[in-house]
2 protein chains.
Amino acid sequence: MYRCKFEVHKEDARTRARLGTLHLTHGDVLTPIFMPVGTQATVKTMSPDELKEIGTQIMLSNTYHLFLRPGHELIRDLGGLHRFMHWDRPVLTDSGGFQVFSLSEIRKVREEGVEFRSHLDGSKFFLTPEYDMEIQEALGADIAMAFDECSPYPCDYERAQAAMGRTHRWAKRCLRAHTREDQALFGIVQGAFYKDLRIQSAKTLADMDFPGYGIGGLSVGEPKPVMYEMLEEIEPYMPREKPRYLMGVGSPDCLLEGVERGIDMFDCVLATRIARNGTVFTSNGRLVIRNALYARDTRPLDEECDCWVCRNFSRAYIRHLMKAGEILGARLTSYHNLYFLLHMMGDIRKAIAEDRFTEYKNEFFEKYNQNP
Amino acid sequence: MYRCKFEVHKEDARTRARLGTLHLTHGDVLTPIFMPVGTQATVKTMSPDELKEIGTQIMLSNTYHLFLRPGHELIRDLGGLHRFMHWDRPVLTDSGGFQVFSLSEIRKVREEGVEFRSHLDGSKFFLTPEYDMEIQEALGADIAMAFDECSPYPCDYERAQAAMGRTHRWAKRCLRAHTREDQALFGIVQGAFYKDLRIQSAKTLADMDFPGYGIGGLSVGEPKPVMYEMLEEIEPYMPREKPRYLMGVGSPDCLLEGVERGIDMFDCVLATRIARNGTVFTSNGRLVIRNALYARDTRPLDEECDCWVCRNFSRAYIRHLMKAGEILGARLTSYHNLYFLLHMMGDIRKAIAEDRFTEYKNEFFEKYNQNP
């Protein structure tokens, strides 16, 4: 039994891109990797079998949601999250910090923790770093995240600095409180959009010697170049031998820009959320399947894709399903979008291994910026 | 190429139950059979692969819905319903008659046909038997149904008689208008809840020599014993060498009672509709999975079931999914309920073959009338 072991197999000569393997309790994960999000212990519309079929190596689930419903104690008593959802590969749970700040009603942040009301029924809870560790240990994911305070965008310097300081103190408390030997605990770098704060946060957390690091508080409304700049600033201060996880980021362009800046792990609800509204990724960019243009289009969603959906169903049929509000429509678009991202990450790993990451990236964008 | 050929392999000695094979353009169907309903060219929540996995031999789709959206001409132009939904086994389309009378707004029935307004956008249409045949030929199912007028329950004698008479005249017009050699056209027996009308309808349609017969206008609100009585009355007048299809009926008890009274084919949305609300069939009766009783229940939905859902997921997890409004919940309950009915029909065929249909039926009810 080990918490987490990370090996970097190769570093790209021209960029910060890296190829690695993350060894976790429920199996190995090749990085860079995208993690499908199963907010409520299910990746929306998908079965565990389908997640495996499309090559999901690790999935993410949300502590905030599971804490409220069905409750971490219930999941612990039934054998943990893996058994509960019938998923035997690695899982990462976030800390719920982000959701407490973005979803819950009325919250009071104190040094001790955060008081908030459930977005479901208004009931009141008090979440501390220690309690958060207890919850995540009950859920039993392979990777738990430290409880942090996420700043909004924009955010003034004093507020960002205060949230960062609290995040560091809470990170220490999480380290002290965390006990499970088969679960890795990652720290989270904060600091909003101030380079000095971000660097200070990266350094402070590096000193705490977590087995891996999340980068939080990005992709919260800022322009993408601002996010990329932050990644470039902190990269030299992120331990090279530890996995780096850019939280909540998962559009095809951001995955490529993130990998180029040394990121190993990503997660995002974007792929499945836009899928349910009928937008899909294709090699030639995004496609809005409800468009009347596709009413009689017998081609697959993406002509270059070999997924189950693209091998069997036409744009015309999927458009019909979405227009008719049929669940199979959301299933097919979600399946395809996740396949697209996971397949893309596989291509990225291959490109890094073959010393042609930059060429791959340029070719990808050349096609992606056309229109389907 | 043939329209439809039906073989009766065996007739039960003690009841009217029969074992048969229906040979259709897209394959053979063993009867008695239950047909999952794909109202809008998709069995709600299910993929075609899953329908095959659970043993679906033939599915039903709705002419009324497909006529309105995406339109029969679009489906015809894209190669027909089979290709459109990626389903290569037999399909039956109903005539839309029932939906015109139950779903549409404002309708005027004339001898020529029915004027109605779409329940989707209020646009006006005029459906005649000839136009109905054109639409169903465009959809291209293996079996089409004659355009009929369905009476409500209760219904006074004069109205029932008038609707039946029109149904017979429309049936003749359908026969004359229907041209596709690879599609069978079934007539529909009407007559509401009047024995003499039902018998008259069965005889009149038998004289028209359809390759198969639907029994319409039942299960529209009447007590079940009334329906069973109607089936018993008309059975002697239904041609023995033709398949008999009891339309819109599909609860486990009605399937058994129907088979006992000589029915070969059934369809119903019940299994998938109650599934989406969280009610499942089990060997011990219906189970309402949202019940707090199941919050920590690690057993499968049905302890005697060997379907993919029951092999992999607990009641506790499925309850969580339903409470959280997750699509996977509706997928799992729908999959299980359809498997339950299809598996049950397989058991019924086996029981008839082994001369123990009555014993099977008694054993089924003994367990089913317990509570899970």
# chains A, B, ... in the order shown; residues from 1 in each chain; ligands from 1
call {"tool": "interface_residues", "arguments": {"of": "chain A", "to": "chain B", "cutoff": "6 Å", "atoms": "only C-alpha atoms", "output": "number ranges by chain"}}
result
A: 45, 327-328
call {"tool": "calpha_fit_and_write", "arguments": {"fixed": "chain A", "moving": "chain B", "output": "CSV table (one decimal) with C-alpha atoms, in the first residue's frame"}}
result
chain,number,residue,atom,x,y,z
B,1,MET,CA,0.0,0.0,0.0
B,2,TYR,CA,1.3,3.4,-0.9
B,3,ARG,CA,-0.4,6.8,-1.1
B,4,CYS,CA,0.9,7.9,-4.5
B,5,LYS,CA,4.0,7.6,-6.5
B,6,PHE,CA,4.8,9.7,-9.5
B,7,GLU,CA,7.4,9.0,-12.2
B,8,VAL,CA,8.3,11.5,-14.9
B,9,HIS,CA,9.4,9.5,-17.9
B,10,LYS,CA,10.2,12.3,-20.2
B,11,GLU,CA,10.4,16.1,-20.4
B,12,ASP,CA,9.8,17.8,-23.7
B,13,ALA,CA,12.9,19.6,-25.0
B,14,ARG,CA,11.1,22.6,-26.3
B,15,THR,CA,8.3,23.1,-23.8
B,16,ARG,CA,7.4,22.3,-20.2
B,17,ALA,CA,5.3,19.3,-21.3
B,18,ARG,CA,6.0,16.1,-19.4
B,19,LEU,CA,5.1,12.4,-19.7
B,20,GLY,CA,4.6,10.5,-16.5
B,21,THR,CA,2.9,7.7,-14.6
B,22,LEU,CA,1.0,8.3,-11.4
B,23,HIS,CA,0.8,5.1,-9.3
B,24,LEU,CA,-2.3,5.1,-7.1
B,25,THR,CA,-4.1,2.6,-4.9
B,26,HIS,CA,-6.6,1.6,-7.6
B,27,GLY,CA,-4.1,1.5,-10.5
B,28,ASP,CA,-1.7,3.5,-12.6
B,29,VAL,CA,-2.6,6.7,-14.5
B,30,LEU,CA,-0.6,7.8,-17.5
B,31,THR,CA,-0.1,11.6,-17.6
B,32,PRO,CA,-0.9,14.1,-18.9
B,33,ILE,CA,-4.5,13.1,-18.3
B,34,PHE,CA,-8.0,14.5,-18.4
B,35,MET,CA,-10.4,13.3,-15.6
B,36,PRO,CA,-14.1,13.1,-16.4
B,37,VAL,CA,-16.2,14.6,-13.6
B,38,GLY,CA,-18.8,12.6,-11.7
B,39,THR,CA,-20.2,15.3,-9.5
B,40,GLN,CA,-22.7,13.2,-7.7
B,41,ALA,CA,-20.9,9.9,-8.0
B,42,THR,CA,-21.8,9.5,-11.6
B,43,VAL,CA,-20.4,11.1,-14.8
B,44,LYS,CA,-23.6,12.6,-16.1
B,45,THR,CA,-25.4,10.2,-18.6
B,46,MET,CA,-22.5,7.7,-18.6
B,47,SER,CA,-22.2,4.2,-17.1
B,48,PRO,CA,-19.0,3.0,-15.5
B,49,ASP,CA,-18.6,0.5,-18.4
B,50,GLU,CA,-18.8,3.2,-20.9
B,51,LEU,CA,-16.2,5.3,-19.0
B,52,LYS,CA,-13.8,2.4,-19.3
B,53,GLU,CA,-14.7,1.8,-22.9
B,54,ILE,CA,-13.6,5.4,-23.8
B,55,GLY,CA,-10.4,5.0,-21.8
B,56,THR,CA,-11.1,6.8,-18.5
B,57,GLN,CA,-8.1,6.2,-16.3
B,58,ILE,CA,-9.3,8.2,-13.3
B,59,MET,CA,-12.5,10.1,-12.5
B,60,LEU,CA,-13.3,13.0,-10.2
B,61,SER,CA,-16.1,13.3,-7.7
B,62,ASN,CA,-17.3,16.2,-5.6
B,63,THR,CA,-17.0,16.2,-1.9
B,64,TYR,CA,-19.5,19.1,-1.4
B,65,HIS,CA,-22.3,17.3,-3.3
B,66,LEU,CA,-21.7,13.9,-1.8
B,67,PHE,CA,-21.5,15.3,1.7
B,68,LEU,CA,-24.9,16.8,1.2
B,69,ARG,CA,-26.4,13.9,-0.7
B,70,PRO,CA,-26.3,10.9,0.1
B,71,GLY,CA,-23.8,11.8,2.9
B,72,HIS,CA,-20.3,10.6,3.4
B,73,GLU,CA,-21.2,8.4,6.3
B,74,LEU,CA,-23.6,6.4,4.1
B,75,ILE,CA,-20.9,6.0,1.4
B,76,ARG,CA,-18.3,5.0,4.0
B,77,ASP,CA,-20.7,2.4,5.5
B,78,LEU,CA,-21.5,0.9,2.1
B,79,GLY,CA,-17.8,0.4,1.4
B,80,GLY,CA,-16.6,3.7,0.0
B,81,LEU,CA,-17.1,5.6,-3.3
B,82,HIS,CA,-15.6,3.0,-5.5
B,83,ARG,CA,-17.9,0.2,-4.4
B,84,PHE,CA,-20.9,2.6,-4.2
B,85,MET,CA,-20.6,3.6,-7.9
B,86,HIS,CA,-19.2,0.3,-9.1
B,87,TRP,CA,-15.9,1.9,-10.3
B,88,ASP,CA,-12.6,0.0,-9.6
B,89,ARG,CA,-10.2,2.5,-11.2
B,90,PRO,CA,-8.7,5.6,-9.4
B,91,VAL,CA,-10.9,8.4,-8.1
B,92,LEU,CA,-10.0,11.9,-7.0
B,93,THR,CA,-12.3,13.9,-4.8
B,94,ASP,CA,-12.0,17.7,-4.6
B,95,SER,CA,-12.2,19.3,-1.2
B,96,GLY,CA,-15.6,21.0,-1.7
B,97,GLY,CA,-13.9,24.3,-1.1
B,98,PHE,CA,-14.7,25.6,-4.6
B,99,GLN,CA,-18.4,24.6,-4.3
B,100,VAL,CA,-18.8,26.1,-0.9
B,101,PHE,CA,-17.7,29.4,-2.4
B,102,SER,CA,-19.6,29.1,-5.7
B,103,LEU,CA,-22.7,27.1,-5.0
B,104,SER,CA,-23.8,27.4,-1.4
B,105,GLU,CA,-26.0,30.1,0.0
B,106,ILE,CA,-24.7,32.5,2.7
B,107,ARG,CA,-21.3,31.6,3.9
B,108,LYS,CA,-19.1,32.9,6.7
B,109,VAL,CA,-15.4,32.3,6.4
B,110,ARG,CA,-13.6,32.2,9.7
B,111,GLU,CA,-10.1,31.0,10.6
B,112,GLU,CA,-11.6,27.9,12.0
B,113,GLY,CA,-13.6,27.0,8.9
B,114,VAL,CA,-16.6,28.0,6.7
B,115,GLU,CA,-20.2,28.1,7.7
B,116,PHE,CA,-22.5,27.6,4.8
B,117,ARG,CA,-26.0,26.7,3.9
B,118,SER,CA,-26.8,23.8,1.5
B,119,HIS,CA,-28.0,24.9,-2.0
B,120,LEU,CA,-30.4,21.9,-1.8
B,121,ASP,CA,-32.5,22.7,1.3
B,122,GLY,CA,-30.8,25.6,3.2
B,123,SER,CA,-29.6,23.5,6.1
B,124,LYS,CA,-26.5,24.9,7.8
B,125,PHE,CA,-23.1,23.2,8.0
B,126,PHE,CA,-19.7,24.1,9.4
B,127,LEU,CA,-16.8,22.8,7.3
B,128,THR,CA,-13.2,22.8,8.8
B,129,PRO,CA,-10.1,21.4,7.2
B,130,GLU,CA,-10.2,18.6,9.8
B,131,TYR,CA,-13.8,17.7,9.0
B,132,ASP,CA,-13.1,17.9,5.3
B,133,MET,CA,-10.4,15.3,5.7
B,134,GLU,CA,-12.8,13.1,7.7
B,135,ILE,CA,-15.3,13.4,4.9
B,136,GLN,CA,-12.8,12.7,2.1
B,137,GLU,CA,-11.4,9.7,4.0
B,138,ALA,CA,-14.9,8.4,4.4
B,139,LEU,CA,-15.4,8.7,0.6
B,140,GLY,CA,-12.2,6.9,0.1
B,141,ALA,CA,-10.9,8.3,-3.2
B,142,ASP,CA,-7.3,7.6,-4.3
B,143,ILE,CA,-6.5,11.3,-4.1
B,144,ALA,CA,-8.0,13.8,-1.7
B,145,MET,CA,-7.6,17.6,-2.0
B,146,ALA,CA,-6.7,20.0,0.8
B,147,PHE,CA,-9.5,22.3,1.9
B,148,ASP,CA,-8.8,25.8,0.4
B,149,GLU,CA,-10.3,29.2,-0.1
B,150,CYS,CA,-10.8,30.1,-3.7
B,151,SER,CA,-10.7,33.8,-4.7
B,152,PRO,CA,-13.1,35.2,-7.4
B,153,TYR,CA,-12.1,37.1,-10.5
B,154,PRO,CA,-11.4,39.9,-10.2
B,155,CYS,CA,-10.2,40.0,-6.6
B,156,ASP,CA,-8.3,42.8,-4.9
B,157,TYR,CA,-4.8,42.2,-3.6
B,158,GLU,CA,-5.6,42.2,0.1
B,159,ARG,CA,-8.5,39.8,-0.2
B,160,ALA,CA,-6.4,37.5,-2.4
B,161,GLN,CA,-3.6,37.6,0.0
B,162,ALA,CA,-5.8,36.8,3.0
B,163,ALA,CA,-7.5,33.8,1.2
B,164,MET,CA,-4.1,32.5,0.2
B,165,GLY,CA,-2.7,32.8,3.7
B,166,ARG,CA,-5.8,30.9,5.1
B,167,THR,CA,-5.4,28.3,2.3
B,168,HIS,CA,-1.8,27.7,3.5
B,169,ARG,CA,-2.7,27.4,7.2
B,170,TRP,CA,-5.6,25.1,6.3
B,171,ALA,CA,-3.3,23.0,4.1
B,172,LYS,CA,-1.1,22.4,7.2
B,173,ARG,CA,-4.1,21.5,9.2
B,174,CYS,CA,-5.2,19.1,6.5
B,175,LEU,CA,-1.8,17.4,6.5
B,176,ARG,CA,-2.0,16.9,10.2
B,177,ALA,CA,-5.6,15.6,10.1
B,178,HIS,CA,-5.2,13.3,7.2
B,179,THR,CA,-4.6,9.6,8.2
B,180,ARG,CA,-5.5,7.2,5.4
B,181,GLU,CA,-2.4,5.4,4.1
B,182,ASP,CA,-4.1,4.4,0.9
B,183,GLN,CA,-5.1,7.9,0.0
B,184,ALA,CA,-2.9,10.7,-1.3
B,185,LEU,CA,-3.5,14.3,-0.2
B,186,PHE,CA,-2.7,17.1,-2.7
B,187,GLY,CA,-2.1,20.7,-1.7
B,188,ILE,CA,-3.7,23.6,-3.7
B,189,VAL,CA,-1.8,26.6,-4.9
B,190,GLN,CA,-3.9,29.8,-4.7
B,191,GLY,CA,-3.0,33.6,-5.0
B,192,ALA,CA,-5.6,34.8,-7.5
B,193,PHE,CA,-4.1,36.7,-10.4
B,194,TYR,CA,-1.1,38.2,-8.6
B,195,LYS,CA,2.2,36.7,-9.7
B,196,ASP,CA,4.0,37.3,-6.4
B,197,LEU,CA,1.2,35.7,-4.5
B,198,ARG,CA,1.1,32.7,-6.9
B,199,ILE,CA,4.8,32.2,-6.6
B,200,GLN,CA,4.7,32.6,-2.8
B,201,SER,CA,1.9,30.0,-2.7
B,202,ALA,CA,3.7,27.5,-4.9
B,203,LYS,CA,6.9,27.8,-2.7
B,204,THR,CA,5.0,27.6,0.6
B,205,LEU,CA,3.1,24.5,-0.5
B,206,ALA,CA,6.2,22.9,-2.0
B,207,ASP,CA,7.9,23.2,1.4
B,208,MET,CA,5.0,21.2,2.9
B,209,ASP,CA,5.9,18.3,0.7
B,210,PHE,CA,2.5,17.2,-0.5
B,211,PRO,CA,2.7,14.2,-3.0
B,212,GLY,CA,1.0,16.4,-5.6
B,213,TYR,CA,-0.4,19.9,-6.2
B,214,GLY,CA,-3.6,21.3,-7.5
B,215,ILE,CA,-3.6,24.8,-9.0
B,216,GLY,CA,-6.9,26.4,-7.9
B,217,GLY,CA,-8.6,29.6,-8.6
B,218,LEU,CA,-8.0,29.7,-12.3
B,219,SER,CA,-10.6,29.5,-15.1
B,220,VAL,CA,-13.0,31.5,-12.9
B,221,GLY,CA,-13.8,34.2,-15.5
B,222,GLU,CA,-10.4,35.6,-16.4
B,223,PRO,CA,-9.2,35.8,-20.0
B,224,LYS,CA,-7.3,32.7,-21.0
B,225,PRO,CA,-4.0,34.5,-21.6
B,226,VAL,CA,-4.1,35.6,-18.0
B,227,MET,CA,-4.4,32.0,-16.9
B,228,TYR,CA,-1.6,30.9,-19.2
B,229,GLU,CA,0.6,33.7,-17.7
B,230,MET,CA,0.0,32.5,-14.2
B,231,LEU,CA,0.9,29.0,-15.2
B,232,GLU,CA,4.2,30.2,-16.7
B,233,GLU,CA,5.0,32.2,-13.6
B,234,ILE,CA,4.6,29.4,-11.1
B,235,GLU,CA,5.9,26.5,-13.2
B,236,PRO,CA,9.6,26.9,-12.1
B,237,TYR,CA,8.4,26.8,-8.4
B,238,MET,CA,6.3,23.7,-8.7
B,239,PRO,CA,8.3,20.6,-7.7
B,240,ARG,CA,9.3,18.7,-10.9
B,241,GLU,CA,8.9,15.3,-9.3
B,242,LYS,CA,5.3,15.9,-8.2
B,243,PRO,CA,2.1,15.8,-10.3
B,244,ARG,CA,0.5,19.1,-11.1
B,245,TYR,CA,-3.2,19.3,-11.5
B,246,LEU,CA,-4.9,22.3,-13.1
B,247,MET,CA,-8.3,22.3,-11.5
B,248,GLY,CA,-11.5,22.9,-13.4
B,249,VAL,CA,-9.9,23.3,-16.8
B,250,GLY,CA,-10.8,21.1,-19.8
B,251,SER,CA,-11.5,22.8,-23.1
B,252,PRO,CA,-9.3,21.3,-25.9
B,253,ASP,CA,-7.3,24.5,-26.3
B,254,CYS,CA,-6.7,24.9,-22.6
B,255,LEU,CA,-5.6,21.2,-22.3
B,256,LEU,CA,-2.9,21.8,-24.9
B,257,GLU,CA,-1.8,25.2,-23.5
B,258,GLY,CA,-1.8,23.6,-20.0
B,259,VAL,CA,0.3,20.6,-21.0
B,260,GLU,CA,2.8,23.0,-22.7
B,261,ARG,CA,3.1,24.8,-19.4
B,262,GLY,CA,3.9,21.6,-17.4
B,263,ILE,CA,0.4,20.5,-16.3
B,264,ASP,CA,-0.1,16.7,-15.7
B,265,MET,CA,-3.8,16.5,-14.7
B,266,PHE,CA,-7.0,18.3,-15.7
B,267,ASP,CA,-10.7,18.0,-14.9
B,268,CYS,CA,-13.7,19.9,-16.1
B,269,VAL,CA,-17.5,19.6,-16.5
B,270,LEU,CA,-17.4,21.5,-19.8
B,271,ALA,CA,-17.3,18.5,-22.1
B,272,THR,CA,-20.4,16.9,-20.5
B,273,ARG,CA,-22.3,20.2,-19.8
B,274,ILE,CA,-22.1,21.5,-23.4
B,275,ALA,CA,-22.9,18.0,-24.6
B,276,ARG,CA,-26.2,18.0,-22.8
B,277,ASN,CA,-27.0,21.3,-24.6
B,278,GLY,CA,-26.0,19.7,-27.9
B,279,THR,CA,-22.6,21.1,-28.5
B,280,VAL,CA,-19.8,18.7,-29.5
B,281,PHE,CA,-16.1,18.8,-30.0
B,282,THR,CA,-14.9,17.8,-33.5
B,283,SER,CA,-11.5,17.9,-35.2
B,284,ASN,CA,-12.6,21.0,-36.9
B,285,GLY,CA,-13.9,22.8,-33.9
B,286,ARG,CA,-17.2,22.9,-32.0
B,287,LEU,CA,-20.4,21.9,-33.7
B,288,VAL,CA,-23.9,22.9,-32.5
B,289,ILE,CA,-26.0,19.8,-33.4
B,290,ARG,CA,-29.3,21.6,-33.0
B,291,ASN,CA,-28.5,23.8,-36.0
B,292,ALA,CA,-31.0,23.2,-38.9
B,293,LEU,CA,-27.9,22.7,-41.1
B,294,TYR,CA,-27.6,19.2,-39.7
B,295,ALA,CA,-31.2,18.1,-40.1
B,296,ARG,CA,-30.4,15.8,-43.0
B,297,ASP,CA,-26.7,15.3,-42.4
B,298,THR,CA,-25.9,11.6,-42.5
B,299,ARG,CA,-22.2,12.2,-41.5
B,300,PRO,CA,-21.0,11.3,-37.9
B,301,LEU,CA,-20.5,14.1,-35.4
B,302,ASP,CA,-16.8,14.1,-36.2
B,303,GLU,CA,-15.7,12.6,-39.5
B,304,GLU,CA,-12.2,11.8,-38.1
B,305,CYS,CA,-13.5,10.2,-34.9
B,306,ASP,CA,-13.8,6.4,-34.4
B,307,CYS,CA,-15.8,6.3,-31.2
B,308,TRP,CA,-18.9,4.2,-30.8
B,309,VAL,CA,-21.2,7.2,-31.5
B,310,CYS,CA,-19.4,8.3,-34.6
B,311,ARG,CA,-19.3,4.7,-36.0
B,312,ASN,CA,-23.0,4.3,-35.5
B,313,PHE,CA,-25.1,7.4,-35.5
B,314,SER,CA,-25.7,10.3,-37.8
B,315,ARG,CA,-25.8,14.0,-37.1
B,316,ALA,CA,-29.4,14.0,-38.4
B,317,TYR,CA,-30.4,11.3,-35.8
B,318,ILE,CA,-28.6,13.0,-32.9
B,319,ARG,CA,-30.1,16.4,-33.9
B,320,HIS,CA,-33.6,14.7,-33.8
B,321,LEU,CA,-32.9,13.2,-30.4
B,322,MET,CA,-31.8,16.6,-29.0
B,323,LYS,CA,-34.7,18.5,-30.5
B,324,ALA,CA,-37.1,15.9,-29.1
B,325,GLY,CA,-35.5,16.1,-25.6
B,326,GLU,CA,-34.5,12.4,-25.7
B,327,ILE,CA,-32.0,11.2,-23.1
B,328,LEU,CA,-30.2,9.1,-25.7
B,329,GLY,CA,-29.2,12.4,-27.4
B,330,ALA,CA,-27.4,13.7,-24.3
B,331,ARG,CA,-25.9,10.2,-23.9
B,332,LEU,CA,-24.4,10.2,-27.4
B,333,THR,CA,-23.1,13.8,-27.3
B,334,SER,CA,-21.6,13.2,-23.8
B,335,TYR,CA,-20.0,10.0,-24.8
B,336,HIS,CA,-18.4,11.5,-27.9
B,337,ASN,CA,-17.2,14.7,-26.1
B,338,LEU,CA,-15.4,12.7,-23.3
B,339,TYR,CA,-14.0,10.3,-25.9
B,340,PHE,CA,-12.7,13.3,-27.8
B,341,LEU,CA,-10.8,14.7,-24.8
B,342,LEU,CA,-9.5,11.4,-23.6
B,343,HIS,CA,-8.4,10.4,-27.1
B,344,MET,CA,-6.8,13.8,-27.5
B,345,MET,CA,-4.8,13.3,-24.2
B,346,GLY,CA,-3.6,10.0,-25.6
B,347,ASP,CA,-2.4,11.7,-28.7
B,348,ILE,CA,-0.7,14.3,-26.6
B,349,ARG,CA,1.2,11.6,-24.6
B,350,LYS,CA,2.2,9.9,-27.8
B,351,ALA,CA,3.4,13.2,-29.3
B,352,ILE,CA,5.5,14.0,-26.2
B,353,ALA,CA,7.0,10.5,-26.3
B,354,GLU,CA,7.9,11.0,-30.0
B,355,ASP,CA,9.3,14.5,-29.5
B,356,ARG,CA,6.7,16.2,-31.6
B,357,PHE,CA,4.4,17.8,-29.1
B,358,THR,CA,4.7,21.3,-30.6
B,359,GLU,CA,4.0,19.9,-34.1
B,360,TYR,CA,0.9,18.1,-32.8
B,361,LYS,CA,-0.3,21.2,-31.1
B,362,ASN,CA,0.1,23.3,-34.2
B,363,GLU,CA,-1.6,20.7,-36.4
B,364,PHE,CA,-4.5,20.4,-33.9
B,365,PHE,CA,-5.1,24.1,-33.8
B,366,GLU,CA,-4.9,24.5,-37.6
B,367,LYS,CA,-7.8,22.1,-38.0
B,368,TYR,CA,-9.7,23.0,-34.8
B,369,ASN,CA,-9.9,26.6,-35.8
B,370,GLN,CA,-11.7,25.8,-39.0
B,371,ASN,CA,-15.4,25.3,-38.8
B,372,PRO,CA,-17.0,21.9,-39.0
call {"tool": "select_by_dssp", "arguments": {"residues": "segment 79-312 of chain B", "states": "strand (DSSP E or B)", "output": "PyMOL selection string"}}
result
chain B and resi 91-93+105-109+114-117+124-127+143-145+184-189+213-215+244-246+265-267+279-282+285-288
